[in-house]
file input19.pdb (PDB, C-alpha atoms)
ATOM      1  CA  MET B 198       0.000   0.000   0.000  1.00  0.00           C
ATOM      2  CA  THR B 199       1.386   3.368  -0.889  1.00  0.00           C
ATOM      3  CA  GLU B 200       2.046   5.984   1.700  1.00  0.00           C
ATOM      4  CA  GLN B 201      -0.637   8.266   0.271  1.00  0.00           C
ATOM      5  CA  ALA B 202      -3.251   5.535   0.511  1.00  0.00           C
ATOM      6  CA  ALA B 203      -2.299   4.851   4.137  1.00  0.00           C
ATOM      7  CA  GLU B 204      -2.601   8.539   4.951  1.00  0.00           C
ATOM      8  CA  ALA B 205      -5.972   8.731   3.252  1.00  0.00           C
ATOM      9  CA  ARG B 206      -7.146   5.762   5.304  1.00  0.00           C
ATOM     10  CA  GLU B 207      -5.937   7.387   8.512  1.00  0.00           C
ATOM     11  CA  ARG B 208      -7.781  10.582   7.626  1.00  0.00           C
ATOM     12  CA  ARG B 209     -10.954   8.641   6.920  1.00  0.00           C
ATOM     13  CA  ILE B 210     -10.749   6.837  10.261  1.00  0.00           C
ATOM     14  CA  LEU B 211     -10.104  10.133  12.043  1.00  0.00           C
ATOM     15  CA  GLY B 212     -13.131  11.600  10.290  1.00  0.00           C
ATOM     16  CA  THR B 213     -15.263   8.662  11.444  1.00  0.00           C
ATOM     17  CA  GLU B 214     -14.075   9.118  15.024  1.00  0.00           C
ATOM     18  CA  LEU B 215     -14.783  12.845  14.969  1.00  0.00           C
ATOM     19  CA  LEU B 216     -18.234  12.187  13.535  1.00  0.00           C
ATOM     20  CA  TRP B 217     -18.879   9.679  16.343  1.00  0.00           C
ATOM     21  CA  ALA B 218     -17.665  12.130  18.975  1.00  0.00           C
ATOM     22  CA  PHE B 219     -19.981  14.772  17.548  1.00  0.00           C
ATOM     23  CA  GLY B 220     -22.926  12.358  17.646  1.00  0.00           C
ATOM     24  CA  VAL B 221     -22.218  11.429  21.261  1.00  0.00           C
ATOM     25  CA  GLY B 222     -21.942  15.116  22.132  1.00  0.00           C
ATOM     26  CA  VAL B 223     -25.345  15.748  20.560  1.00  0.00           C
ATOM     27  CA  LEU B 224     -26.849  12.861  22.562  1.00  0.00           C
ATOM     28  CA  ILE B 225     -25.401  14.116  25.857  1.00  0.00           C
ATOM     29  CA  ALA B 226     -26.704  17.604  25.119  1.00  0.00           C
ATOM     30  CA  ALA B 227     -30.130  16.160  24.260  1.00  0.00           C
ATOM     31  CA  VAL B 228     -30.339  14.164  27.521  1.00  0.00           C
ATOM     32  CA  LEU B 229     -29.279  17.185  29.586  1.00  0.00           C
ATOM     33  CA  GLY B 230     -31.719  19.299  27.591  1.00  0.00           C
ATOM     34  CA  VAL B 231     -34.601  16.938  28.406  1.00  0.00           C
ATOM     35  CA  ILE B 232     -33.754  17.150  32.126  1.00  0.00           C
ATOM     36  CA  VAL B 233     -33.485  20.946  32.099  1.00  0.00           C
ATOM     37  CA  PHE B 234     -36.618  21.328  29.970  1.00  0.00           C
ATOM     38  CA  THR B 235     -38.773  19.197  32.292  1.00  0.00           C
ATOM     39  CA  ALA B 236     -37.292  20.957  35.332  1.00  0.00           C
ATOM     40  CA  LEU B 237     -38.229  24.360  33.935  1.00  0.00           C
ATOM     41  CA  THR B 238     -41.586  23.534  32.362  1.00  0.00           C
ATOM     42  CA  ALA B 239     -43.009  20.770  34.588  1.00  0.00           C
ATOM     43  CA  ASP B 240     -41.108  21.638  37.797  1.00  0.00           C
ATOM     44  CA  ILE B 241     -39.747  18.106  38.055  1.00  0.00           C
ATOM     45  CA  ASN B 242     -36.563  18.256  40.114  1.00  0.00           C
ATOM     46  CA  PRO B 243     -34.579  15.923  42.335  1.00  0.00           C
ATOM     47  CA  PRO B 244     -35.611  16.114  46.004  1.00  0.00           C
ATOM     48  CA  SER B 245     -33.572  18.933  47.520  1.00  0.00           C
ATOM     49  CA  ASN B 246     -34.941  19.654  50.965  1.00  0.00           C
ATOM     50  CA  VAL B 247     -32.248  21.070  53.256  1.00  0.00           C
ATOM     51  CA  GLU B 248     -33.583  20.947  56.789  1.00  0.00           C
ATOM     52  CA  ARG B 249     -31.409  20.135  59.757  1.00  0.00           C
ATOM     53  CA  ILE B 250     -32.318  18.004  62.774  1.00  0.00           C
ATOM     54  CA  ASP B 251     -30.236  16.752  65.691  1.00  0.00           C
ATOM     55  CA  PRO B 252     -29.949  12.959  65.258  1.00  0.00           C
ATOM     56  CA  LYS B 253     -29.132  12.464  68.953  1.00  0.00           C
ATOM     57  CA  THR B 254     -32.403  13.946  70.216  1.00  0.00           C
ATOM     58  CA  LEU B 255     -34.895  13.598  67.369  1.00  0.00           C
ATOM     59  CA  HIS B 256     -36.738  10.759  69.146  1.00  0.00           C
ATOM     60  CA  LEU B 257     -37.171  12.674  72.421  1.00  0.00           C
ATOM     61  CA  SER B 258     -39.427  15.495  71.321  1.00  0.00           C
ATOM     62  CA  GLY B 259     -40.712  17.258  68.263  1.00  0.00           C
ATOM     63  CA  GLU B 260     -42.248  15.815  65.149  1.00  0.00           C
ATOM     64  CA  PHE B 261     -40.183  12.620  65.161  1.00  0.00           C
ATOM     65  CA  ALA B 262     -41.071  11.624  68.727  1.00  0.00           C
ATOM     66  CA  GLU B 263     -42.762   8.228  68.808  1.00  0.00           C
ATOM     67  CA  GLN B 264     -46.299   9.546  69.260  1.00  0.00           C
ATOM     68  CA  ASN B 265     -45.963  11.702  66.146  1.00  0.00           C
ATOM     69  CA  LEU B 266     -44.741   9.006  63.785  1.00  0.00           C
ATOM     70  CA  GLY B 267     -46.947   7.620  61.048  1.00  0.00           C
ATOM     71  CA  THR B 268     -49.677   9.324  59.063  1.00  0.00           C
ATOM     72  CA  THR B 269     -51.304  12.534  60.196  1.00  0.00           C
ATOM     73  CA  VAL B 270     -54.050  14.569  58.530  1.00  0.00           C
ATOM     74  CA  GLY B 271     -53.668  18.235  59.370  1.00  0.00           C
ATOM     75  CA  ALA B 272     -56.418  20.767  59.989  1.00  0.00           C
ATOM     76  CA  ASP B 273     -56.078  21.916  56.394  1.00  0.00           C
ATOM     77  CA  GLY B 274     -56.570  18.348  55.132  1.00  0.00           C
ATOM     78  CA  GLY B 275     -52.922  17.932  54.183  1.00  0.00           C
ATOM     79  CA  VAL B 276     -51.542  14.439  54.719  1.00  0.00           C
ATOM     80  CA  THR B 277     -48.081  14.139  56.263  1.00  0.00           C
ATOM     81  CA  VAL B 278     -46.188  10.933  56.949  1.00  0.00           C
ATOM     82  CA  ARG B 279     -43.284  10.919  59.399  1.00  0.00           C
ATOM     83  CA  VAL B 280     -40.968   7.940  59.508  1.00  0.00           C
ATOM     84  CA  ILE B 281     -37.732   7.185  61.316  1.00  0.00           C
ATOM     85  CA  ALA B 282     -35.262   5.044  59.422  1.00  0.00           C
ATOM     86  CA  THR B 283     -33.036   3.226  61.868  1.00  0.00           C
ATOM     87  CA  GLN B 284     -30.885   0.120  61.917  1.00  0.00           C
ATOM     88  CA  PHE B 285     -32.647  -2.064  60.814  1.00  0.00           C
ATOM     89  CA  MET B 286     -36.247  -1.013  60.444  1.00  0.00           C
ATOM     90  CA  PHE B 287     -38.568   1.783  59.519  1.00  0.00           C
ATOM     91  CA  VAL B 288     -40.736   3.132  62.339  1.00  0.00           C
ATOM     92  CA  PRO B 289     -43.599   2.598  61.790  1.00  0.00           C
ATOM     93  CA  ARG B 290     -43.299  -0.460  59.592  1.00  0.00           C
ATOM     94  CA  CYS B 291     -46.636   0.152  57.875  1.00  0.00           C
ATOM     95  CA  ILE B 292     -47.717   3.509  56.514  1.00  0.00           C
ATOM     96  CA  ALA B 293     -51.289   4.297  55.477  1.00  0.00           C
ATOM     97  CA  VAL B 294     -51.707   6.840  52.688  1.00  0.00           C
ATOM     98  CA  PRO B 295     -54.778   7.952  50.755  1.00  0.00           C
ATOM     99  CA  TYR B 296     -55.363   7.166  47.124  1.00  0.00           C
ATOM    100  CA  GLY B 297     -55.126  10.096  44.713  1.00  0.00           C
ATOM    101  CA  ARG B 298     -54.181  12.801  47.221  1.00  0.00           C
ATOM    102  CA  ARG B 299     -50.916  14.594  47.643  1.00  0.00           C
ATOM    103  CA  VAL B 300     -48.935  13.146  50.543  1.00  0.00           C
ATOM    104  CA  THR B 301     -45.851  14.700  52.115  1.00  0.00           C
ATOM    105  CA  LEU B 302     -43.346  12.145  53.346  1.00  0.00           C
ATOM    106  CA  ARG B 303     -40.729  13.169  55.903  1.00  0.00           C
ATOM    107  CA  PHE B 304     -37.875  10.939  57.024  1.00  0.00           C
ATOM    108  CA  ALA B 305     -35.100  11.222  59.597  1.00  0.00           C
ATOM    109  CA  THR B 306     -32.477   8.862  60.972  1.00  0.00           C
ATOM    110  CA  PRO B 307     -30.697   8.734  64.333  1.00  0.00           C
ATOM    111  CA  ASP B 308     -27.825   6.490  63.219  1.00  0.00           C
ATOM    112  CA  VAL B 309     -26.374   5.968  59.746  1.00  0.00           C
ATOM    113  CA  ILE B 310     -27.185   6.863  56.150  1.00  0.00           C
ATOM    114  CA  HIS B 311     -30.217   5.041  54.824  1.00  0.00           C
ATOM    115  CA  GLY B 312     -32.096   5.309  51.559  1.00  0.00           C
ATOM    116  CA  LEU B 313     -35.556   4.331  50.444  1.00  0.00           C
ATOM    117  CA  LEU B 314     -37.824   4.004  47.497  1.00  0.00           C
ATOM    118  CA  ILE B 315     -41.485   3.162  47.147  1.00  0.00           C
ATOM    119  CA  THR B 316     -42.160   0.717  44.363  1.00  0.00           C
ATOM    120  CA  GLY B 317     -44.202   1.967  41.450  1.00  0.00           C
ATOM    121  CA  THR B 318     -43.646   5.625  42.329  1.00  0.00           C
ATOM    122  CA  ASN B 319     -40.908   8.193  41.848  1.00  0.00           C
ATOM    123  CA  VAL B 320     -40.315   8.377  45.624  1.00  0.00           C
ATOM    124  CA  ASN B 321     -36.621   7.718  46.025  1.00  0.00           C
ATOM    125  CA  THR B 322     -34.415   9.542  48.503  1.00  0.00           C
ATOM    126  CA  MET B 323     -31.474   9.238  50.858  1.00  0.00           C
ATOM    127  CA  VAL B 324     -31.965   9.680  54.580  1.00  0.00           C
ATOM    128  CA  VAL B 325     -28.855  11.306  56.019  1.00  0.00           C
ATOM    129  CA  PRO B 326     -28.198  11.787  59.763  1.00  0.00           C
ATOM    130  CA  GLY B 327     -28.656  15.423  60.691  1.00  0.00           C
ATOM    131  CA  PHE B 328     -31.143  16.191  57.917  1.00  0.00           C
ATOM    132  CA  VAL B 329     -34.838  15.702  57.259  1.00  0.00           C
ATOM    133  CA  ALA B 330     -35.497  14.093  53.894  1.00  0.00           C
ATOM    134  CA  GLN B 331     -38.779  15.278  52.434  1.00  0.00           C
ATOM    135  CA  VAL B 332     -40.543  14.168  49.265  1.00  0.00           C
ATOM    136  CA  TYR B 333     -44.156  14.214  48.203  1.00  0.00           C
ATOM    137  CA  SER B 334     -46.175  12.002  45.953  1.00  0.00           C
ATOM    138  CA  GLU B 335     -49.669  11.195  44.797  1.00  0.00           C
ATOM    139  CA  PHE B 336     -50.371   7.486  44.976  1.00  0.00           C
ATOM    140  CA  THR B 337     -52.376   6.223  42.039  1.00  0.00           C
ATOM    141  CA  ARG B 338     -52.402   2.497  42.761  1.00  0.00           C
ATOM    142  CA  ALA B 339     -54.650   1.332  45.598  1.00  0.00           C
ATOM    143  CA  GLU B 340     -52.510  -1.529  46.815  1.00  0.00           C
ATOM    144  CA  ASP B 341     -49.728  -2.382  49.217  1.00  0.00           C
ATOM    145  CA  LEU B 342     -46.398  -1.018  48.030  1.00  0.00           C
ATOM    146  CA  LEU B 343     -42.990  -2.116  49.222  1.00  0.00           C
ATOM    147  CA  MET B 344     -40.631   0.442  50.733  1.00  0.00           C
ATOM    148  CA  PRO B 345     -37.169  -1.104  51.161  1.00  0.00           C
ATOM    149  CA  CYS B 346     -33.982   0.512  52.391  1.00  0.00           C
ATOM    150  CA  HIS B 347     -31.763   0.821  49.329  1.00  0.00           C
ATOM    151  CA  GLU B 348     -28.604   2.163  50.939  1.00  0.00           C
ATOM    152  CA  TYR B 349     -26.489  -0.493  52.640  1.00  0.00           C
ATOM    153  CA  CYS B 350     -26.711   0.346  56.339  1.00  0.00           C
ATOM    154  CA  GLY B 351     -25.261  -2.712  58.083  1.00  0.00           C
ATOM    155  CA  LEU B 352     -25.671  -6.445  58.484  1.00  0.00           C
ATOM    156  CA  GLY B 353     -29.457  -6.252  58.874  1.00  0.00           C
ATOM    157  CA  HIS B 354     -29.931  -4.035  55.816  1.00  0.00           C
ATOM    158  CA  SER B 355     -31.801  -6.687  53.846  1.00  0.00           C
ATOM    159  CA  ASP B 356     -34.409  -6.978  56.627  1.00  0.00           C
ATOM    160  CA  MET B 357     -35.125  -3.257  56.586  1.00  0.00           C
ATOM    161  CA  TRP B 358     -38.330  -2.622  54.685  1.00  0.00           C
ATOM    162  CA  ALA B 359     -41.800  -1.255  55.282  1.00  0.00           C
ATOM    163  CA  THR B 360     -45.192  -1.386  53.625  1.00  0.00           C
ATOM    164  CA  VAL B 361     -47.041   1.587  52.184  1.00  0.00           C
ATOM    165  CA  GLN B 362     -50.731   0.806  52.275  1.00  0.00           C
ATOM    166  CA  VAL B 363     -52.606   2.918  49.751  1.00  0.00           C
ATOM    167  CA  LEU B 364     -56.183   3.177  50.988  1.00  0.00           C
ATOM    168  CA  PRO B 365     -59.199   4.334  48.988  1.00  0.00           C
ATOM    169  CA  GLU B 366     -60.824   7.485  50.314  1.00  0.00           C
ATOM    170  CA  SER B 367     -63.622   5.426  51.885  1.00  0.00           C
ATOM    171  CA  ALA B 368     -61.127   3.527  54.028  1.00  0.00           C
ATOM    172  CA  PHE B 369     -58.851   6.467  54.836  1.00  0.00           C
ATOM    173  CA  LYS B 370     -60.534   7.665  58.025  1.00  0.00           C
ATOM    174  CA  PRO B 371     -58.449   9.762  60.409  1.00  0.00           C
ATOM    175  CA  GLY B 372     -59.232   9.464  64.099  1.00  0.00           C
ATOM    176  CA  GLN B 373     -60.014  12.378  66.391  1.00  0.00           C
ATOM    177  CA  ASP B 374     -56.302  13.070  66.709  1.00  0.00           C
ATOM    178  CA  GLY B 375     -55.997  13.196  62.924  1.00  0.00           C
ATOM    179  CA  ARG B 376     -53.954  10.024  62.766  1.00  0.00           C
ATOM    180  CA  VAL B 377     -54.457   7.124  60.367  1.00  0.00           C
ATOM    181  CA  SER B 378     -53.117   3.612  60.860  1.00  0.00           C
ATOM    182  CA  CYS B 379     -52.817   0.726  58.455  1.00  0.00           C
ATOM    183  CA  ALA B 380     -55.967  -1.317  57.998  1.00  0.00           C
ATOM    184  CA  GLN B 381     -55.897  -4.697  59.681  1.00  0.00           C
ATOM    185  CA  ARG B 382     -56.355  -7.529  57.212  1.00  0.00           C
TER     186      ARG B 382
ATOM    187  CA  MET L  22      19.092 -31.317  26.852  1.00  0.00           C
ATOM    188  CA  TRP L  23      20.076 -33.613  29.713  1.00  0.00           C
ATOM    189  CA  SER L  24      18.095 -35.387  32.344  1.00  0.00           C
ATOM    190  CA  SER L  25      18.237 -34.018  35.871  1.00  0.00           C
ATOM    191  CA  ARG L  26      19.914 -37.163  37.046  1.00  0.00           C
ATOM    192  CA  GLY L  27      22.752 -36.675  34.641  1.00  0.00           C
ATOM    193  CA  GLY L  28      23.978 -39.324  32.301  1.00  0.00           C
ATOM    194  CA  LYS L  29      22.080 -39.973  29.082  1.00  0.00           C
ATOM    195  CA  PRO L  30      20.408 -37.159  27.145  1.00  0.00           C
ATOM    196  CA  MET L  31      16.598 -37.323  26.963  1.00  0.00           C
ATOM    197  CA  ILE L  32      16.580 -36.704  23.244  1.00  0.00           C
ATOM    198  CA  SER L  33      19.182 -37.425  20.713  1.00  0.00           C
ATOM    199  CA  ALA L  34      21.064 -34.668  18.994  1.00  0.00           C
ATOM    200  CA  ASN L  35      19.534 -35.289  15.585  1.00  0.00           C
ATOM    201  CA  GLN L  36      15.958 -34.602  16.714  1.00  0.00           C
ATOM    202  CA  THR L  37      14.580 -31.119  16.130  1.00  0.00           C
ATOM    203  CA  SER L  38      11.792 -29.160  17.715  1.00  0.00           C
ATOM    204  CA  ALA L  39       8.965 -27.649  15.692  1.00  0.00           C
ATOM    205  CA  SER L  40       9.833 -24.310  17.219  1.00  0.00           C
ATOM    206  CA  ASP L  41      13.185 -24.432  15.517  1.00  0.00           C
ATOM    207  CA  VAL L  42      11.564 -24.313  12.081  1.00  0.00           C
ATOM    208  CA  PRO L  43      10.914 -20.775  10.903  1.00  0.00           C
ATOM    209  CA  PRO L  44       7.369 -20.242   9.634  1.00  0.00           C
ATOM    210  CA  GLN L  45       7.187 -20.540   5.910  1.00  0.00           C
ATOM    211  CA  VAL L  46       3.752 -18.976   5.408  1.00  0.00           C
ATOM    212  CA  PRO L  47       3.745 -16.863   2.301  1.00  0.00           C
ATOM    213  CA  ASP L  48       2.129 -13.437   2.511  1.00  0.00           C
ATOM    214  CA  GLN L  49      -0.873 -13.823   0.254  1.00  0.00           C
ATOM    215  CA  VAL L  50      -2.632 -10.614   1.202  1.00  0.00           C
ATOM    216  CA  ASP L  51      -3.901  -8.778  -1.806  1.00  0.00           C
ATOM    217  CA  GLU L  52      -3.231  -5.101  -1.264  1.00  0.00           C
ATOM    218  CA  ALA L  53      -6.379  -4.079  -3.125  1.00  0.00           C
ATOM    219  CA  ALA L  54      -8.513  -6.426  -1.051  1.00  0.00           C
ATOM    220  CA  LEU L  55      -6.901  -5.099   2.138  1.00  0.00           C
ATOM    221  CA  ALA L  56      -7.661  -1.534   1.102  1.00  0.00           C
ATOM    222  CA  GLU L  57     -11.271  -2.468   0.420  1.00  0.00           C
ATOM    223  CA  VAL L  58     -11.600  -4.146   3.833  1.00  0.00           C
ATOM    224  CA  MET L  59     -10.074  -1.158   5.568  1.00  0.00           C
ATOM    225  CA  ARG L  60     -12.566   1.061   3.767  1.00  0.00           C
ATOM    226  CA  VAL L  61     -15.684  -0.787   4.934  1.00  0.00           C
ATOM    227  CA  VAL L  62     -14.679  -2.003   8.404  1.00  0.00           C
ATOM    228  CA  PRO L  63     -14.912   1.420  10.128  1.00  0.00           C
ATOM    229  CA  LEU L  64     -18.305   1.908   8.500  1.00  0.00           C
ATOM    230  CA  GLY L  65     -19.525  -1.440   9.851  1.00  0.00           C
ATOM    231  CA  ALA L  66     -18.194  -0.632  13.317  1.00  0.00           C
ATOM    232  CA  GLY L  67     -19.956   2.717  13.159  1.00  0.00           C
ATOM    233  CA  VAL L  68     -23.252   1.149  12.138  1.00  0.00           C
ATOM    234  CA  LEU L  69     -23.006  -1.475  14.889  1.00  0.00           C
ATOM    235  CA  ALA L  70     -22.092   1.033  17.611  1.00  0.00           C
ATOM    236  CA  GLY L  71     -24.651   3.525  16.319  1.00  0.00           C
ATOM    237  CA  THR L  72     -27.421   0.936  16.412  1.00  0.00           C
ATOM    238  CA  ALA L  73     -26.488  -0.060  19.962  1.00  0.00           C
ATOM    239  CA  VAL L  74     -26.429   3.553  21.163  1.00  0.00           C
ATOM    240  CA  ALA L  75     -29.677   4.335  19.354  1.00  0.00           C
ATOM    241  CA  LEU L  76     -31.388   1.424  21.129  1.00  0.00           C
ATOM    242  CA  LEU L  77     -30.004   2.651  24.454  1.00  0.00           C
ATOM    243  CA  VAL L  78     -31.280   6.185  23.870  1.00  0.00           C
ATOM    244  CA  LEU L  79     -34.674   4.892  22.742  1.00  0.00           C
ATOM    245  CA  GLY L  80     -34.892   2.815  25.947  1.00  0.00           C
ATOM    246  CA  TYR L  81     -33.988   5.869  28.028  1.00  0.00           C
ATOM    247  CA  LEU L  82     -36.577   8.023  26.277  1.00  0.00           C
ATOM    248  CA  ALA L  83     -39.257   5.333  26.572  1.00  0.00           C
ATOM    249  CA  ILE L  84     -38.705   4.959  30.333  1.00  0.00           C
ATOM    250  CA  TYR L  85     -38.462   8.723  30.812  1.00  0.00           C
ATOM    251  CA  LEU L  86     -41.615   9.539  28.860  1.00  0.00           C
ATOM    252  CA  LEU L  87     -43.769   6.502  29.646  1.00  0.00           C
ATOM    253  CA  VAL L  88     -42.744   5.703  33.239  1.00  0.00           C
ATOM    254  CA  PHE L  89     -40.947   8.593  34.944  1.00  0.00           C
ATOM    255  CA  LEU L  90     -43.066  11.535  33.812  1.00  0.00           C
ATOM    256  CA  PRO L  91     -46.494   9.901  34.436  1.00  0.00           C
ATOM    257  CA  ARG L  92     -45.452   9.116  38.028  1.00  0.00           C
ATOM    258  CA  GLY L  93     -45.173  12.820  38.682  1.00  0.00           C
ATOM    259  CA  PRO L  94     -42.782  15.005  40.665  1.00  0.00           C
ATOM    260  CA  VAL L  95     -41.585  14.165  44.176  1.00  0.00           C
ATOM    261  CA  GLY L  96     -39.316  17.031  45.087  1.00  0.00           C
TER     262      GLY L  96
END

call {"tool": "encode", "arguments": {"input": "input19.pdb", "output": "structure tokens"}}
result
Amino acid sequence: MTEQAAEARERRILGTELLWAFGVGVLIAAVLGVIVFTALTADINPPSNVERIDPKTLHLSGEFAEQNLGTTVGADGGVTVRVIATQFMFVPRCIAVPYGRRVTLRFATPDVIHGLLITGTNVNTMVVPGFVAQVYSEFTRAEDLLMPCHEYCGLGHSDMWATVQVLPESAFKPGQDGRVSCAQR
Amino acid sequence: MWSSRGGKPMISANQTSASDVPPQVPDQVDEAALAEVMRVVPLGAGVLAGTAVALLVLGYLAIYLLVFLPRGPVG
């Protein structure tokens, strides 16, 4: 093969590589563009609640004291769920939420970093000591959903899971204190 | 080559190893055929990689549009 032919081949290969790099650049820009576009137009963003809490005392008083955990319906009708993620369980282990209504979920941990997701929803967050993790969701499947810990937190990590019981409006009846527990089945 | 116990050699001096014979394979590559192969191979690699990436992007878009967005915002 002559030297000119070899050079021409090298140039062609370089051109192919540059074309590929350009295509990949376009794809990366498109993916980032989709994320930015939905963030700006539909207000869909990663959970970014920055709210501090003392992990040493969160169980003694305040909203994460034992009597305040679980599902509460406020005076304005807003539904708030408070859960402690601790080695190796969620407290409470069953959470009742209404079907088709916006629910605010708040999590805190007294020990190590945990994480959680609720199957079939976009709820997916880390729970970091010293911070309150807050997400909200509207549950559109009236069934029991699994909520496992998805951040390795120790030897009992695989046993750390809870159930989210999505109740139809007819079964979602808060008591006089505004609290709702899982239905017994 | 001699045995570890000394004495008689394990092979006689007139035996040869195959590794001693230089390869006698003639170069039968046709330069024109080589040039043709080198012209189409990058194109084939590009088509293969492009198809794979296109499938990946289509999967991403399908999950994003059909699963993620309908589930609604959380943050």

call {"tool": "residues_around", "arguments": {"input": "input19.pdb", "residues": "segment 250-267 of chain B", "least_positions_apart": "2", "cutoff": "7 Å", "atoms": "only C-alpha atoms", "output": "PyMOL selection string"}}
result
chain B and resi 248+269+278-280+289+292+306-307+326-329

call {"tool": "interface_residues", "arguments": {"input": "input19.pdb", "of": "chain B", "to": "chain L", "cutoff": "8 Å", "atoms": "only C-alpha atoms", "output": "PyMOL selection string"}}
result
chain B and resi 198+206+210+213+217+240-246+318-320+331-335

call {"tool": "resolve_selection", "arguments": {"input": "input19.pdb", "expression": "the PyMOL selection byres ((chain B and resi 367) around 12)", "output": "list in words"}}
result
Pro295, Tyr296, Ala339, Val363, Leu364, Pro365, Glu366, Ala368, Phe369, Lys370, Pro371 and Ala380 of chain B

call {"tool": "atom_distance", "arguments": {"input": "input19.pdb", "atom1": "atom CA of Thr277 of chain B", "atom2": "atom CA of Val300 of chain B"}}
result
5.9 Å

call {"tool": "residues_around", "arguments": {"input": "input19.pdb", "residues": "Leu314 of chain B", "least_positions_apart": "3", "cutoff": "9 Å", "atoms": "all atoms listed in the file", "output": "MDAnalysis selection string"}}
result
chainID B and resid 318:323 343:347

call {"tool": "atom_distance", "arguments": {"input": "input19.pdb", "atom1": "atom CA of Arg299 of chain B", "atom2": "atom CA of Leu86 of chain L"}}
result
21.6 Å

call {"tool": "atom_distance", "arguments": {"input": "input19.pdb", "atom1": "atom CA of Asp308 of chain B", "atom2": "atom CA of Asp356 of chain B"}}
result
16.4 Å

call {"tool": "decode", "arguments": {"input": "input19.pdb", "residues": "segment 289-303 of chain B", "atoms": "N, CA and C atoms", "output": "compact mmCIF listing (two decimals), in the first residue's frame"}}
result
# COMPACT_ATOMS: atom_id res chain seq x y z
N PRO B 289 -42.97 3.92 61.69
CA PRO B 289 -43.60 2.60 61.79
C PRO B 289 -43.32 1.74 60.55
N ARG B 290 -43.61 0.46 60.68
CA ARG B 290 -43.30 -0.46 59.59
C ARG B 290 -44.40 -0.49 58.54
N CYS B 291 -45.56 0.07 58.86
CA CYS B 291 -46.64 0.15 57.87
C CYS B 291 -47.17 1.58 57.85
N ILE B 292 -47.30 2.12 56.67
CA ILE B 292 -47.72 3.51 56.51
C ILE B 292 -49.00 3.53 55.68
N ALA B 293 -50.02 4.18 56.22
CA ALA B 293 -51.29 4.30 55.48
C ALA B 293 -51.31 5.63 54.76
N VAL B 294 -51.60 5.61 53.47
CA VAL B 294 -51.71 6.84 52.69
C VAL B 294 -52.98 6.79 51.85
N PRO B 295 -53.54 7.95 51.55
CA PRO B 295 -54.78 7.95 50.75
C PRO B 295 -54.49 7.83 49.27
N TYR B 296 -55.46 7.29 48.58
CA TYR B 296 -55.36 7.17 47.12
C TYR B 296 -55.68 8.51 46.47
N GLY B 297 -54.81 8.94 45.55
CA GLY B 297 -55.13 10.10 44.71
C GLY B 297 -55.01 11.44 45.39
N ARG B 298 -54.39 11.50 46.57
CA ARG B 298 -54.18 12.80 47.22
C ARG B 298 -52.70 13.02 47.43
N ARG B 299 -52.32 14.29 47.44
CA ARG B 299 -50.92 14.59 47.64
C ARG B 299 -50.53 14.29 49.09
N VAL B 300 -49.42 13.55 49.22
CA VAL B 300 -48.94 13.15 50.54
C VAL B 300 -47.51 13.64 50.70
N THR B 301 -47.22 14.28 51.82
CA THR B 301 -45.85 14.70 52.11
C THR B 301 -45.19 13.65 53.00
N LEU B 302 -44.05 13.17 52.58
CA LEU B 302 -43.35 12.14 53.35
C LEU B 302 -42.07 12.75 53.92
N ARG B 303 -41.91 12.60 55.24
CA ARG B 303 -40.73 13.17 55.90
C ARG B 303 -39.99 12.05 56.65
